[in-house]
file structure_30.csv (CSV, C-alpha atoms)
chain,number,residue,atom,x,y,z
A,3,MET,CA,24.8,76.0,30.2
A,4,VAL,CA,22.2,75.7,32.9
A,5,LYS,CA,22.8,78.3,35.6
A,6,VAL,CA,22.5,76.9,39.1
A,7,VAL,CA,22.5,78.4,42.6
A,8,ILE,CA,23.2,76.0,45.5
A,9,ILE,CA,21.5,76.9,48.8
A,10,GLY,CA,23.3,75.1,51.6
A,11,SER,CA,26.9,74.3,52.5
A,12,GLY,CA,26.6,70.8,54.1
A,13,ASN,CA,27.7,67.4,52.7
A,14,VAL,CA,25.3,67.3,49.8
A,15,GLY,CA,25.7,70.9,48.8
A,16,GLN,CA,29.5,70.6,48.7
A,17,HIS,CA,29.5,67.4,46.7
A,18,LEU,CA,27.1,68.9,44.2
A,19,ILE,CA,29.3,71.9,43.7
A,20,LYS,CA,32.3,69.5,43.1
A,21,ALA,CA,30.2,67.4,40.6
A,22,PHE,CA,28.9,70.4,38.7
A,23,ALA,CA,32.4,71.8,38.4
A,24,LYS,CA,33.1,68.8,36.1
A,25,SER,CA,30.0,69.2,34.1
A,26,ASP,CA,29.8,70.7,30.6
A,27,ALA,CA,26.1,71.4,31.0
A,28,VAL,CA,26.0,73.2,34.3
A,29,THR,CA,27.6,76.3,35.8
A,30,VAL,CA,27.2,77.1,39.5
A,31,ILE,CA,26.9,80.9,39.5
A,32,GLN,CA,26.4,81.2,43.2
A,33,ALA,CA,26.0,79.4,46.5
A,34,TYR,CA,24.3,80.5,49.8
A,35,ALA,CA,25.8,79.6,53.1
A,36,ARG,CA,25.1,80.9,56.6
A,37,ASN,CA,28.8,80.6,57.2
A,38,LYS,CA,30.5,81.7,53.9
A,39,TYR,CA,33.8,80.2,55.1
A,40,ASN,CA,32.3,76.7,54.6
A,41,LEU,CA,32.5,77.1,50.8
A,42,THR,CA,35.6,79.2,50.2
A,43,HIS,CA,37.6,76.1,49.3
A,44,LEU,CA,35.2,75.3,46.5
A,45,LEU,CA,34.1,78.7,45.1
A,46,ASP,CA,35.4,82.2,44.8
A,47,SER,CA,34.3,84.3,47.8
A,48,GLN,CA,32.4,86.6,45.4
A,49,GLN,CA,30.2,83.7,44.4
A,50,ILE,CA,29.1,83.0,48.0
A,51,THR,CA,26.4,84.9,49.8
A,52,ASP,CA,24.9,84.7,53.3
A,53,ASP,CA,22.0,87.0,52.4
A,54,PHE,CA,18.9,85.6,50.5
A,55,SER,CA,18.2,89.1,49.1
A,56,ASN,CA,21.5,88.9,47.2
A,57,LEU,CA,20.7,85.7,45.4
A,58,LYS,CA,21.3,85.9,41.7
A,59,GLU,CA,18.8,85.0,39.0
A,60,ALA,CA,19.3,81.4,37.8
A,61,ASP,CA,17.7,78.6,35.9
A,62,LEU,CA,17.6,76.3,38.9
A,63,TYR,CA,17.9,76.7,42.7
A,64,ILE,CA,18.9,73.6,44.6
A,65,ILE,CA,18.1,73.6,48.3
A,66,SER,CA,20.4,71.4,50.3
A,67,VAL,CA,19.5,72.1,53.9
A,68,SER,CA,18.1,70.1,56.8
A,69,ASP,CA,14.6,68.6,56.1
A,70,GLU,CA,12.9,70.8,58.7
A,71,ALA,CA,14.3,74.0,57.1
A,72,ILE,CA,13.4,73.2,53.5
A,73,ASN,CA,10.0,74.9,53.5
A,74,GLU,CA,11.1,78.1,55.2
A,75,VAL,CA,14.3,78.4,53.0
A,76,SER,CA,12.2,77.9,49.9
A,77,LYS,CA,10.1,80.9,50.9
A,78,GLN,CA,13.3,83.1,51.1
A,79,ILE,CA,14.1,82.8,47.4
A,80,PRO,CA,13.4,86.4,46.1
A,81,PHE,CA,12.0,85.3,42.8
A,82,SER,CA,8.8,83.7,41.4
A,83,ASN,CA,8.1,81.1,38.8
A,84,LYS,CA,11.7,79.8,39.0
A,85,LEU,CA,12.6,76.1,39.1
A,86,VAL,CA,13.4,75.1,42.8
A,87,ALA,CA,14.5,71.6,43.8
A,88,HIS,CA,15.3,70.2,47.2
A,89,THR,CA,17.7,67.2,47.8
A,90,SER,CA,15.9,65.4,50.5
A,91,GLY,CA,14.8,61.7,50.4
A,92,SER,CA,12.0,62.1,53.0
A,93,VAL,CA,10.4,65.4,52.2
A,94,ALA,CA,7.6,65.6,49.6
A,95,MET,CA,8.0,67.9,46.6
A,96,ASN,CA,4.9,69.8,47.6
A,97,GLU,CA,6.5,71.0,50.8
A,98,LEU,CA,8.4,73.6,48.8
A,99,SER,CA,6.9,77.1,48.6
A,100,ASP,CA,4.2,77.7,46.0
A,101,SER,CA,6.0,80.8,44.8
A,102,ASN,CA,8.1,78.8,42.4
A,103,ARG,CA,8.1,75.6,40.3
A,104,LYS,CA,8.7,72.6,42.5
A,105,ALA,CA,11.1,69.7,41.9
A,106,VAL,CA,13.4,67.2,43.6
A,107,PHE,CA,17.0,66.4,42.9
A,108,TYR,CA,17.9,63.6,45.4
A,109,PRO,CA,21.3,61.9,45.3
A,110,LEU,CA,20.8,58.5,47.0
A,111,GLN,CA,24.3,58.0,48.5
A,112,THR,CA,26.0,58.4,51.8
A,113,LEU,CA,28.1,61.6,51.5
A,114,SER,CA,30.7,62.9,53.9
A,115,LYS,CA,32.9,66.0,53.4
A,116,LYS,CA,36.1,64.1,54.1
A,117,LYS,CA,35.4,61.3,51.6
A,118,GLU,CA,35.4,61.8,47.9
A,119,VAL,CA,32.8,60.0,45.8
A,120,ASP,CA,32.5,59.1,42.1
A,121,PHE,CA,29.4,61.0,41.3
A,122,LYS,CA,29.0,59.1,38.0
A,123,GLN,CA,28.0,56.2,40.2
A,124,VAL,CA,25.6,58.1,42.5
A,125,PRO,CA,21.9,57.4,41.7
A,126,LEU,CA,20.0,60.7,41.2
A,127,CYS,CA,16.2,60.5,41.8
A,128,LEU,CA,14.3,63.2,40.0
A,129,GLU,CA,10.8,64.6,40.3
A,130,ALA,CA,9.1,67.7,38.9
A,131,GLU,CA,5.7,69.2,38.4
A,132,ASN,CA,5.8,69.2,34.6
A,133,GLU,CA,7.6,67.5,31.8
A,134,SER,CA,9.6,70.5,30.7
A,135,ASP,CA,11.2,71.0,34.1
A,136,LEU,CA,11.9,67.2,34.3
A,137,LYS,CA,13.8,67.5,31.1
A,138,ILE,CA,15.9,70.3,32.6
A,139,LEU,CA,16.7,68.2,35.7
A,140,ASN,CA,17.5,65.2,33.5
A,141,LYS,CA,19.9,67.2,31.4
A,142,ILE,CA,21.7,68.3,34.6
A,143,ALA,CA,21.6,64.9,36.2
A,144,THR,CA,22.9,63.0,33.2
A,145,SER,CA,25.8,65.4,32.9
A,146,ILE,CA,27.1,64.3,36.3
A,147,SER,CA,25.7,60.8,36.8
A,148,ASP,CA,25.2,57.6,34.8
A,149,LYS,CA,22.4,56.5,37.1
A,150,VAL,CA,19.3,58.8,36.8
A,151,PHE,CA,15.8,57.8,37.8
A,152,GLU,CA,12.4,59.4,37.8
A,153,VAL,CA,10.9,58.8,41.2
A,154,ASP,CA,7.8,60.3,42.8
A,155,SER,CA,7.6,61.5,46.4
A,156,ASP,CA,6.0,58.3,47.8
A,157,GLN,CA,8.6,56.1,46.1
A,158,ARG,CA,11.4,58.4,47.2
A,159,LYS,CA,10.3,58.2,50.8
A,160,SER,CA,10.3,54.3,50.7
A,161,LEU,CA,13.7,54.4,49.1
A,162,HIS,CA,14.9,56.6,51.9
A,163,VAL,CA,13.7,54.2,54.5
A,164,ALA,CA,15.3,51.3,52.7
A,165,ALA,CA,18.5,53.3,52.5
A,166,VAL,CA,18.5,53.9,56.2
A,167,PHE,CA,18.4,50.1,56.7
A,168,VAL,CA,21.1,49.2,54.2
A,169,SER,CA,23.5,52.1,55.0
A,170,ASN,CA,22.9,54.0,58.3
A,171,PHE,CA,21.8,50.9,60.3
A,172,VAL,CA,24.6,48.8,58.8
A,173,ASN,CA,27.2,51.4,59.6
A,174,HIS,CA,25.9,51.5,63.2
A,175,LEU,CA,26.4,47.7,63.3
A,176,TYR,CA,30.0,48.3,62.2
A,177,LYS,CA,30.3,50.6,65.2
A,178,LEU,CA,29.0,48.0,67.5
A,179,GLY,CA,31.3,45.4,66.0
A,180,SER,CA,34.2,47.8,66.5
A,181,ASP,CA,33.2,48.3,70.1
A,182,ILE,CA,33.3,44.5,70.7
A,183,CYS,CA,36.7,44.3,69.1
A,184,ILE,CA,38.0,47.1,71.3
A,185,GLU,CA,36.6,45.5,74.4
A,186,HIS,CA,38.2,42.2,73.7
A,187,LYS,CA,41.5,43.7,72.4
A,188,VAL,CA,41.3,42.4,68.8
A,189,PRO,CA,41.8,44.6,65.8
A,190,PHE,CA,38.7,45.7,63.8
A,191,GLU,CA,41.0,45.5,60.7
A,192,ILE,CA,40.5,41.7,60.7
A,193,LEU,CA,36.8,42.2,59.9
A,194,LYS,CA,37.3,44.6,56.9
A,195,PRO,CA,37.7,41.8,54.2
A,196,LEU,CA,34.5,40.3,55.5
A,197,ILE,CA,32.7,43.6,55.2
A,198,LEU,CA,33.9,44.1,51.6
A,199,GLU,CA,33.0,40.6,50.6
A,200,THR,CA,29.5,40.9,52.0
A,201,ALA,CA,29.0,44.1,50.1
A,202,LYS,CA,30.4,42.5,46.9
A,203,LYS,CA,28.2,39.4,47.3
A,204,VAL,CA,24.9,41.4,47.3
A,205,GLN,CA,25.9,42.9,44.0
A,206,ILE,CA,25.6,39.4,42.5
A,207,LEU,CA,23.2,37.5,44.8
A,208,SER,CA,19.8,38.6,46.2
A,209,PRO,CA,20.0,39.4,50.0
A,210,ASP,CA,18.0,36.2,50.6
A,211,ASP,CA,20.6,34.1,48.8
A,212,ALA,CA,23.5,36.0,50.4
A,213,GLN,CA,22.4,35.5,54.0
A,214,THR,CA,24.6,33.2,56.1
A,215,GLY,CA,25.4,32.8,59.8
A,216,PRO,CA,24.0,31.1,62.9
A,217,ALA,CA,20.6,32.7,62.7
A,218,LYS,CA,20.2,31.5,59.1
A,219,ARG,CA,21.0,28.0,60.3
A,220,ASN,CA,18.9,28.4,63.5
A,221,ASP,CA,22.1,27.4,65.3
A,222,THR,CA,20.9,28.1,68.9
A,223,THR,CA,24.1,26.7,70.5
A,224,THR,CA,26.2,29.3,68.7
A,225,ILE,CA,23.6,32.0,69.3
A,226,ASN,CA,23.6,31.4,73.0
A,227,LYS,CA,27.4,31.5,73.1
A,228,HIS,CA,27.4,34.9,71.4
A,229,LEU,CA,24.9,36.3,73.8
A,230,ALA,CA,27.0,35.1,76.7
A,231,ILE,CA,30.0,37.0,75.3
A,232,LEU,CA,28.1,40.3,74.9
A,233,THR,CA,28.4,42.4,78.1
A,234,ASP,CA,26.4,45.4,76.8
A,235,GLU,CA,22.6,45.0,77.2
A,236,ASN,CA,21.9,47.2,74.1
A,237,GLN,CA,24.2,45.0,72.0
A,238,LYS,CA,22.3,41.9,73.3
A,239,GLU,CA,18.9,43.3,72.5
A,240,ILE,CA,20.0,44.2,68.9
A,241,TYR,CA,21.6,40.8,68.5
A,242,LYS,CA,18.3,39.1,69.7
A,243,LEU,CA,16.1,41.3,67.5
A,244,LEU,CA,18.1,40.7,64.3
A,245,THR,CA,18.5,37.0,65.0
A,246,LYS,CA,14.7,36.7,65.5
A,247,SER,CA,14.1,38.6,62.3
A,248,ILE,CA,16.4,36.3,60.3
A,249,ILE,CA,14.9,33.2,61.8
A,250,ASP,CA,11.3,34.4,61.3
A,251,HIS,CA,12.1,35.3,57.7
A,252,GLY,CA,13.5,31.8,57.1
A,253,LYS,CA,10.2,30.3,58.3
A,254,LYS,CA,8.3,32.2,55.7
A,255,LEU,CA,10.4,30.8,52.8
call {"tool": "encode", "arguments": {"input": "structure_30.csv", "output": "structure tokens"}}
result
Amino acid sequence: MVKVVIIGSGNVGQHLIKAFAKSDAVTVIQAYARNKYNLTHLLDSQQITDDFSNLKEADLYIISVSDEAINEVSKQIPFSNKLVAHTSGSVAMNELSDSNRKAVFYPLQTLSKKKEVDFKQVPLCLEAENESDLKILNKIATSISDKVFEVDSDQRKSLHVAAVFVSNFVNHLYKLGSDICIEHKVPFEILKPLILETAKKVQILSPDDAQTGPAKRNDTTTINKHLAILTDENQKEIYKLLTKSIIDHGKKL
């Protein structure tokens, strides 16, 4: 069994603890949290520490904290030549402290504490300084996920940007759509089958082939009607920008 210490008690850290609990290759021997109460529903209180000097010796330390804290937290690990991985999509592996062996264990998925996720379907992007450490990461990753990829820091950064477009930005558009529904007193529930079908369609078709709507048809009459309905200037600007992007892309084809 690979002994793992999780450093961090946020969304990613909590989901990793849950996933590793189901693994026959990993045991989480300890977790670090500034607020120990954040993890008491997942681990025995004796397995949780809020003091870096009390970290136990393990085979792997997974740092799951905010991007700006990764370097400083990695310096707090009171060991040397241990395997240390962070879980960020946008931070280079080399930003970890030089005191230990560097790696990345990046789950590319939107993770929320209140929403369970099937970790077997979560892509895990791995990177390590040497082949032996990569094998350790791969053993751990394949024990909790069926989708494991070796991805270097530059590739991971580009994936993270792409993920922001297809997840974070899309979810914000859901929010704007919900706001429009609320303003005009129609239930957002009506749009949910459309949201699901759009997500299903892109599993089969390319995004190019899946694109529909007035911008795809360059239907200026409908576009202008939509703009007239929108009362929020921010919504109008976003509508115009995305419409232009779809139209311009169509001209390139």
call {"tool": "atom_distance", "arguments": {"input": "structure_30.csv", "atom1": "CA of Phe190 in chain A", "atom2": "CA of Phe171 in chain A"}}
result
18.0 Å
call {"tool": "closest_residue", "arguments": {"input": "structure_30.csv", "among": "A:Ser208, A:Ser76, A:Ser114, A:Ser155", "to": "Ser90 in chain A", "atoms": "only C-alpha atoms"}}
result
A:Ser155
call {"tool": "closest_atom_pairs", "arguments": {"input": "structure_30.csv", "of": "range 30-114 of chain A", "to": "range 128-142 of chain A", "cutoff": "7 Å", "atoms": "only C-alpha atoms", "output": "JSON lines"}}
result
{"residue": "A:Lys104", "atom": "CA", "partner": "A:Ala130", "partner_atom": "CA", "distance": 6.1}
{"residue": "A:Ala105", "atom": "CA", "partner": "A:Ala130", "partner_atom": "CA", "distance": 4.1}
{"residue": "A:Val106", "atom": "CA", "partner": "A:Glu129", "partner_atom": "CA", "distance": 4.9}
{"residue": "A:Phe107", "atom": "CA", "partner": "A:Leu128", "partner_atom": "CA", "distance": 5.1}
{"residue": "A:Tyr108", "atom": "CA", "partner": "A:Leu128", "partner_atom": "CA", "distance": 6.5}
call {"tool": "closest_residue", "arguments": {"input": "structure_30.csv", "among": "A:Lys20, A:Lys38, A:Arg219, A:Arg103", "to": "Ile249 in chain A", "atoms": "all atoms listed in the file"}}
result
A:Arg219
call {"tool": "residues_around", "arguments": {"input": "structure_30.csv", "residues": "Lys242 in chain A", "least_positions_apart": "5", "cutoff": "9 Å", "atoms": "only C-alpha atoms", "output": "number ranges by chain"}}
result
A: 225, 229, 237, 247
call {"tool": "atom_distance", "arguments": {"input": "structure_30.csv", "atom1": "CA of His186 in chain A", "atom2": "CA of Asp221 in chain A"}}
result
23.4 Å
call {"tool": "closest_residue", "arguments": {"input": "structure_30.csv", "among": "A:Thr89, A:Phe22, A:Val75, A:Leu207", "to": "His162 in chain A", "atoms": "all atoms listed in the file"}}
result
A:Thr89
call {"tool": "closest_residue", "arguments": {"input": "structure_30.csv", "among": "A:Asn170, A:Asn40, A:Thr29, A:Thr222", "to": "Gly15 in chain A", "atoms": "all atoms listed in the file"}}
result
A:Asn40
call {"tool": "atom_distance", "arguments": {"input": "structure_30.csv", "atom1": "CA of Ala165 in chain A", "atom2": "CA of Ser180 in chain A"}}
result
21.7 Å
call {"tool": "closest_residue", "arguments": {"input": "structure_30.csv", "among": "A:Cys127, A:Val188, A:Leu57, A:Ile9", "to": "Tyr34 in chain A", "atoms": "only C-alpha atoms"}}
result
A:Ile9
call {"tool": "residues_near_point", "arguments": {"input": "structure_30.csv", "point": "(16.9, 31.5, 65.5)", "cutoff": "12 Å", "atoms": "all atoms listed in the file", "output": "PyMOL selection string"}}
result
chain A and resi 215-226+241-253
call {"tool": "write_last_selection", "arguments": {"input": "structure_30.csv", "atoms": "C-alpha atoms", "output": "CSV table (one decimal), in the coordinates of the input"}}
result
chain,number,residue,atom,x,y,z
A,215,GLY,CA,25.4,32.8,59.8
A,216,PRO,CA,24.0,31.1,62.9
A,217,ALA,CA,20.6,32.7,62.7
A,218,LYS,CA,20.2,31.5,59.1
A,219,ARG,CA,21.0,28.0,60.3
A,220,ASN,CA,18.9,28.4,63.5
A,221,ASP,CA,22.1,27.4,65.3
A,222,THR,CA,20.9,28.1,68.9
A,223,THR,CA,24.1,26.7,70.5
A,224,THR,CA,26.2,29.3,68.7
A,225,ILE,CA,23.6,32.0,69.3
A,226,ASN,CA,23.6,31.4,73.0
A,241,TYR,CA,21.6,40.8,68.5
A,242,LYS,CA,18.3,39.1,69.7
A,243,LEU,CA,16.1,41.3,67.5
A,244,LEU,CA,18.1,40.7,64.3
A,245,THR,CA,18.5,37.0,65.0
A,246,LYS,CA,14.7,36.7,65.5
A,247,SER,CA,14.1,38.6,62.3
A,248,ILE,CA,16.4,36.3,60.3
A,249,ILE,CA,14.9,33.2,61.8
A,250,ASP,CA,11.3,34.4,61.3
A,251,HIS,CA,12.1,35.3,57.7
A,252,GLY,CA,13.5,31.8,57.1
A,253,LYS,CA,10.2,30.3,58.3
call {"tool": "closest_residue", "arguments": {"input": "structure_30.csv", "among": "A:Ile8, A:Ala21, A:Val86, A:Leu110", "to": "Val166 in chain A", "atoms": "all atoms listed in the file"}}
result
A:Leu110
call {"tool": "residues_around", "arguments": {"input": "structure_30.csv", "residues": "Ser25 in chain A", "least_positions_apart": "5", "cutoff": "12 Å", "atoms": "all atoms listed in the file", "output": "number ranges by chain"}}
result
A: 3-6, 18-20, 30, 121-122, 141-147
call {"tool": "residues_near_point", "arguments": {"input": "structure_30.csv", "point": "(9.9, 78.4, 49.9)", "cutoff": "7 Å", "atoms": "all atoms listed in the file", "output": "PDB file with C-alpha atoms, in the coordinates of the input"}}
result
ATOM      1  CA  ASN A  73      10.000  74.900  53.500  1.00  0.00           C
ATOM      2  CA  GLU A  74      11.100  78.100  55.200  1.00  0.00           C
ATOM      3  CA  VAL A  75      14.300  78.400  53.000  1.00  0.00           C
ATOM      4  CA  SER A  76      12.200  77.900  49.900  1.00  0.00           C
ATOM      5  CA  LYS A  77      10.100  80.900  50.900  1.00  0.00           C
ATOM      6  CA  GLN A  78      13.300  83.100  51.100  1.00  0.00           C
ATOM      7  CA  ILE A  79      14.100  82.800  47.400  1.00  0.00           C
ATOM      8  CA  LEU A  98       8.400  73.600  48.800  1.00  0.00           C
ATOM      9  CA  SER A  99       6.900  77.100  48.600  1.00  0.00           C
ATOM     10  CA  ASP A 100       4.200  77.700  46.000  1.00  0.00           C
ATOM     11  CA  SER A 101       6.000  80.800  44.800  1.00  0.00           C
TER      12      SER A 101
END
call {"tool": "residues_around", "arguments": {"input": "structure_30.csv", "residues": "Glu185 in chain A", "least_positions_apart": "4", "cutoff": "10 Å", "atoms": "only C-alpha atoms", "output": "PyMOL selection string"}}
result
chain A and resi 179-181+232-233
